[in-house]
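Engineer: Take a look at the following structure, please.
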Amino acid sequence: KRGELFALDRSSGAPLRSVEERSVPQRGAVPEEFVSPTQPFSVGMPSFRGADLVESSMWGVSPLDQLWCRAKFRQARYDGPMTPPGLEPAVVMPGFMGGMEWGGVAIDVRRGIAIVNSMQLPAYLRLIPRAQAEAEGIKHIDIRNVRFQKFLVTIGLAQEATPYALLFGPFVSPLGMPCSRTSARPCIAV
């Protein structure tokens, strides 16, 4: 879901293409969270993560729609890939509905190509303390209560016996349009 391809030796797990550890954002995580200072990034394969977000890249179908998206972006924390969730709003790119989709990648070994279904839709999220979640009626995750149409709005989910619940949704405008310019596009890597 990060939009990164890693080529690994299936018997040893050793990288077949270059991988490097890079610093990742630390700011904003809740105190109980351990945030690794680095994460592996594939530098020897194409990336489908998309460009880092900036306020000027916020999009809208009308000037007011775009203004709303830019204001919401400014109110949130976005420190690049792997921005940790916290008590303040954060933008995560690619979001839960973005990156490389769960279906995976199709590989044509003979022609040396990978066909990737990639969507670069940011998520807008924040954690809320358990007591607040309970006061607002946010319950633990129960797949019977989650429906696809609810993903077009912010929903609250609480994991069982954790100190926080998550408010999240795609980063879309009040019109339901993505706030980023490049939210979905087919990708083919050679």
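Ordering of the structure tokens sets the chain letters (A, B, ...); residue numbers start at 1 within each chain; ligands are numbered from 1 in the order shown.
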Could you pull out all residues of stretch 3-180 of chain A with a DSSP call of helix (DSSP H, G or I) and give them as a ChimeraX atom specification?

Structural biologist: /A:55-57,63-75,130-135,143-145,148-152

Engineer: Which residues are near A:Ser36? Cut-off 12 Å, only C-alpha atoms, ignore same chain within fewer than 3 positions. Put them as number ranges by chain.

Structural biologist: A: 21-27, 29, 33, 39-40, 82-84

Engineer: Mind checking which residues fall within 12 Å of A:Pro15, counting only C-alpha atoms, ignoring those fewer than 3 positions away in the same chain, and posting them as a list in words?

Structural biologist: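 Non-adjacent residues within range: Leu5, Phe6, Ala7, Leu8, Asp9, Arg10, Ser11, Ser12, Ser18, Val19, Glu20, Pro40, Phe41, Ser42, Val43, Gly44 and Met45 of chain A.
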
Engineer: In Å, with one decimal, what is the gap from atom CA of A:Val91 to atom CA of A:Phe73?

Structural biologist: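 We find that atom CA of A:Val91 and atom CA of A:Phe73 lie 7.4 Å from each other.
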
Engineer: Considering only C-alpha atoms, return as a PyMOL selection string whatever protein or nucleic-acid residues lie within 8 Å of A:Met97, sequence-local ones (same chain, fewer than 3 positions apart) excluded.

Structural biologist: chain A and resi 94+101+119+121-123+170

Engineer: Find the residues near A:Tyr164: any atom within 10 Å, counting only C-alpha atoms, skip ones fewer than 5 places away on the same chain, and give them as a VMD selection string.

Structural biologist: chain A and resid 30 86 to 87 126 to 134 157 to 159

Engineer: If you run DSSP over the backbone, which residues in stretch 37-154 of chain A end up strand (DSSP E or B)? Put them as a ChimeraX atom specification.

Structural biologist: /A:38-42,47,58,77,90-92,99-108,113-119,123-129,140

Engineer: Take the selection from the previous step and output its residues with C-alpha atoms, as a CSV table (one decimal), in the first residue's frame.

Structural biologist:
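Result written to again_12.csv:
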```csv
chain,number,residue,atom,x,y,z
A,38,THR,CA,13.9,4.9,9.3
A,39,GLN,CA,12.1,2.7,6.8
A,40,PRO,CA,13.2,0.8,3.8
A,41,PHE,CA,12.7,2.5,0.4
A,42,SER,CA,13.1,0.7,-2.9
A,47,SER,CA,7.7,3.9,-7.3
A,58,MET,CA,-4.6,20.7,-4.0
A,77,ARG,CA,0.1,17.7,9.4
A,90,ALA,CA,-2.8,14.4,9.4
A,91,VAL,CA,-2.7,13.7,5.6
A,92,VAL,CA,-1.3,10.3,4.6
A,99,GLY,CA,-1.1,3.0,-3.3
A,100,MET,CA,-0.9,-0.3,-5.0
A,101,GLU,CA,-4.1,-2.2,-4.6
A,102,TRP,CA,-4.4,-5.4,-2.6
A,103,GLY,CA,-4.8,-7.4,-5.8
A,104,GLY,CA,-1.1,-7.1,-6.4
A,105,VAL,CA,0.9,-6.7,-9.6
A,106,ALA,CA,0.8,-8.7,-12.8
A,107,ILE,CA,4.3,-9.6,-14.1
A,108,ASP,CA,5.2,-10.4,-17.7
A,113,ILE,CA,7.1,-5.5,-17.5
A,114,ALA,CA,5.0,-5.1,-14.4
A,115,ILE,CA,1.4,-3.9,-14.6
A,116,VAL,CA,0.3,-2.1,-11.5
A,117,ASN,CA,-3.1,-0.9,-10.4
A,118,SER,CA,-2.2,2.3,-8.5
A,119,MET,CA,-4.4,5.0,-6.9
A,123,ALA,CA,-6.3,10.0,3.5
A,124,TYR,CA,-7.3,12.6,6.1
A,125,LEU,CA,-7.1,11.2,9.6
A,126,ARG,CA,-6.6,11.7,13.3
A,127,LEU,CA,-6.6,9.6,16.5
A,128,ILE,CA,-9.0,10.4,19.3
A,129,PRO,CA,-8.7,9.2,22.9
A,140,HIS,CA,-14.6,-1.3,17.8
```

Engineer: Near A:Val54, counting only C-alpha atoms, which residues have an atom at most 10 Å away, once you skip same-chain residues fewer than 3 positions from it, shown as a list in words?

Structural biologist: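 After dropping sequence-adjacent residues, the list is Ala51, Ser57, Met58, Arg70, Phe73, Arg74, Tyr78, Asp79, Gly80 and Ser180 of chain A.
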
Engineer: Using all heavy atoms, can you write the selected residues to a file as a PDB file, in the first residue's frame?

Structural biologist:
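Okay, out-v2.pdb is ready:
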```
ATOM      1  N   ALA A  51       3.942  11.961  -6.211  1.00  0.00           N
ATOM      2  CA  ALA A  51       4.740  13.070  -5.710  1.00  0.00           C
ATOM      3  C   ALA A  51       4.295  13.466  -4.307  1.00  0.00           C
ATOM      4  O   ALA A  51       3.139  13.259  -3.927  1.00  0.00           O
ATOM      5  CB  ALA A  51       4.596  14.269  -6.646  1.00  0.00           C
ATOM      6  N   SER A  57      -0.704  21.951  -4.832  1.00  0.00           N
ATOM      7  CA  SER A  57      -1.172  20.832  -5.658  1.00  0.00           C
ATOM      8  C   SER A  57      -2.586  20.395  -5.295  1.00  0.00           C
ATOM      9  O   SER A  57      -3.117  19.470  -5.899  1.00  0.00           O
ATOM     10  CB  SER A  57      -0.209  19.645  -5.557  1.00  0.00           C
ATOM     11  OG  SER A  57      -0.309  19.034  -4.284  1.00  0.00           O
ATOM     12  N   MET A  58      -3.206  21.066  -4.323  1.00  0.00           N
ATOM     13  CA  MET A  58      -4.582  20.722  -3.977  1.00  0.00           C
ATOM     14  C   MET A  58      -5.494  21.150  -5.122  1.00  0.00           C
ATOM     15  O   MET A  58      -5.310  22.201  -5.713  1.00  0.00           O
ATOM     16  CB  MET A  58      -5.016  21.386  -2.678  1.00  0.00           C
ATOM     17  CG  MET A  58      -4.242  20.915  -1.448  1.00  0.00           C
ATOM     18  SD  MET A  58      -4.425  19.159  -1.102  1.00  0.00           S
ATOM     19  CE  MET A  58      -2.859  18.514  -1.700  1.00  0.00           C
ATOM     20  N   ARG A  70      -7.413  23.280   0.027  1.00  0.00           N
ATOM     21  CA  ARG A  70      -6.171  23.918   0.465  1.00  0.00           C
ATOM     22  C   ARG A  70      -6.232  24.295   1.946  1.00  0.00           C
ATOM     23  O   ARG A  70      -5.258  24.138   2.673  1.00  0.00           O
ATOM     24  CB  ARG A  70      -5.861  25.142  -0.394  1.00  0.00           C
ATOM     25  CG  ARG A  70      -5.406  24.747  -1.780  1.00  0.00           C
ATOM     26  CD  ARG A  70      -5.027  25.927  -2.617  1.00  0.00           C
ATOM     27  NE  ARG A  70      -4.567  25.453  -3.913  1.00  0.00           N
ATOM     28  CZ  ARG A  70      -3.907  26.187  -4.768  1.00  0.00           C
ATOM     29  NH1 ARG A  70      -3.611  27.441  -4.487  1.00  0.00           N
ATOM     30  NH2 ARG A  70      -3.522  25.681  -5.916  1.00  0.00           N
ATOM     31  N   PHE A  73      -5.838  21.115   3.962  1.00  0.00           N
ATOM     32  CA  PHE A  73      -4.447  20.664   3.894  1.00  0.00           C
ATOM     33  C   PHE A  73      -3.595  21.482   4.862  1.00  0.00           C
ATOM     34  O   PHE A  73      -2.767  20.942   5.588  1.00  0.00           O
ATOM     35  CB  PHE A  73      -3.917  20.781   2.464  1.00  0.00           C
ATOM     36  CG  PHE A  73      -2.521  20.261   2.301  1.00  0.00           C
ATOM     37  CD1 PHE A  73      -2.286  18.901   2.223  1.00  0.00           C
ATOM     38  CD2 PHE A  73      -1.441  21.124   2.229  1.00  0.00           C
ATOM     39  CE1 PHE A  73      -0.985  18.406   2.072  1.00  0.00           C
ATOM     40  CE2 PHE A  73      -0.150  20.653   2.084  1.00  0.00           C
ATOM     41  CZ  PHE A  73       0.071  19.284   2.002  1.00  0.00           C
ATOM     42  N   ARG A  74      -3.809  22.791   4.888  1.00  0.00           N
ATOM     43  CA  ARG A  74      -3.052  23.681   5.766  1.00  0.00           C
ATOM     44  C   ARG A  74      -3.322  23.364   7.243  1.00  0.00           C
ATOM     45  O   ARG A  74      -2.452  23.537   8.084  1.00  0.00           O
ATOM     46  CB  ARG A  74      -3.414  25.134   5.449  1.00  0.00           C
ATOM     47  CG  ARG A  74      -2.429  26.140   5.973  1.00  0.00           C
ATOM     48  CD  ARG A  74      -2.752  27.570   5.560  1.00  0.00           C
ATOM     49  NE  ARG A  74      -3.043  27.700   4.147  1.00  0.00           N
ATOM     50  CZ  ARG A  74      -4.188  28.184   3.650  1.00  0.00           C
ATOM     51  NH1 ARG A  74      -5.145  28.593   4.447  1.00  0.00           N
ATOM     52  NH2 ARG A  74      -4.368  28.274   2.353  1.00  0.00           N
ATOM     53  N   TYR A  78       1.368  17.168   7.372  1.00  0.00           N
ATOM     54  CA  TYR A  78       1.848  16.292   6.303  1.00  0.00           C
ATOM     55  C   TYR A  78       3.347  16.487   6.216  1.00  0.00           C
ATOM     56  O   TYR A  78       3.822  17.563   5.847  1.00  0.00           O
ATOM     57  CB  TYR A  78       1.183  16.608   4.956  1.00  0.00           C
ATOM     58  CG  TYR A  78       1.763  15.778   3.831  1.00  0.00           C
ATOM     59  CD1 TYR A  78       1.473  14.425   3.725  1.00  0.00           C
ATOM     60  CD2 TYR A  78       2.628  16.342   2.901  1.00  0.00           C
ATOM     61  CE1 TYR A  78       2.019  13.653   2.712  1.00  0.00           C
ATOM     62  CE2 TYR A  78       3.179  15.587   1.885  1.00  0.00           C
ATOM     63  CZ  TYR A  78       2.874  14.245   1.786  1.00  0.00           C
ATOM     64  OH  TYR A  78       3.433  13.475   0.788  1.00  0.00           O
ATOM     65  N   ASP A  79       4.082  15.451   6.578  1.00  0.00           N
ATOM     66  CA  ASP A  79       5.542  15.522   6.583  1.00  0.00           C
ATOM     67  C   ASP A  79       6.161  14.618   5.527  1.00  0.00           C
ATOM     68  O   ASP A  79       7.319  14.260   5.618  1.00  0.00           O
ATOM     69  CB  ASP A  79       6.079  15.155   7.970  1.00  0.00           C
ATOM     70  CG  ASP A  79       5.654  16.147   9.036  1.00  0.00           C
ATOM     71  OD1 ASP A  79       5.533  17.341   8.716  1.00  0.00           O
ATOM     72  OD2 ASP A  79       5.435  15.729  10.181  1.00  0.00           O
ATOM     73  N   GLY A  80       5.365  14.215   4.542  1.00  0.00           N
ATOM     74  CA  GLY A  80       5.859  13.334   3.496  1.00  0.00           C
ATOM     75  C   GLY A  80       5.453  11.892   3.758  1.00  0.00           C
ATOM     76  O   GLY A  80       4.589  11.616   4.597  1.00  0.00           O
ATOM     77  N   SER A 180      -6.485  15.950  -4.314  1.00  0.00           N
ATOM     78  CA  SER A 180      -5.188  15.935  -4.997  1.00  0.00           C
ATOM     79  C   SER A 180      -5.413  15.733  -6.490  1.00  0.00           C
ATOM     80  O   SER A 180      -6.364  15.075  -6.906  1.00  0.00           O
ATOM     81  CB  SER A 180      -4.282  14.838  -4.433  1.00  0.00           C
ATOM     82  OG  SER A 180      -4.855  13.579  -4.657  1.00  0.00           O
TER      83      SER A 180
END
```

Engineer: Looking at only C-alpha atoms, which of A:Pro85, A:Gly156, A:Cys179, A:Gly112 is the one that sits closest to A:Pro31?

Structural biologist: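 Of A:Pro85, A:Gly156, A:Cys179, A:Gly112, the one nearest A:Pro31 is A:Pro85, counting only C-alpha atoms.
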
Engineer: When you draw a straight line from atom CA of A:Gly3 to atom CA of A:Met177, how long is it in Å?

Structural biologist: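 Computing it gives 21.5 Å between the two atoms.
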
Engineer: Between atom CA of A:Glu136 and atom CA of A:Asp65, what is the distance in Å, rounded to a tenth?

Structural biologist: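 Atom-to-atom, atom CA of A:Glu136 to atom CA of A:Asp65, that is 28.5 Å.
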
Engineer: Using only C-alpha atoms, find the one residue out of A:Ala161, A:Met93, A:Val109, A:Val172 that sits nearest to A:Gly60.

Structural biologist: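 Counting only C-alpha atoms, the residue closest to A:Gly60 is A:Val172.
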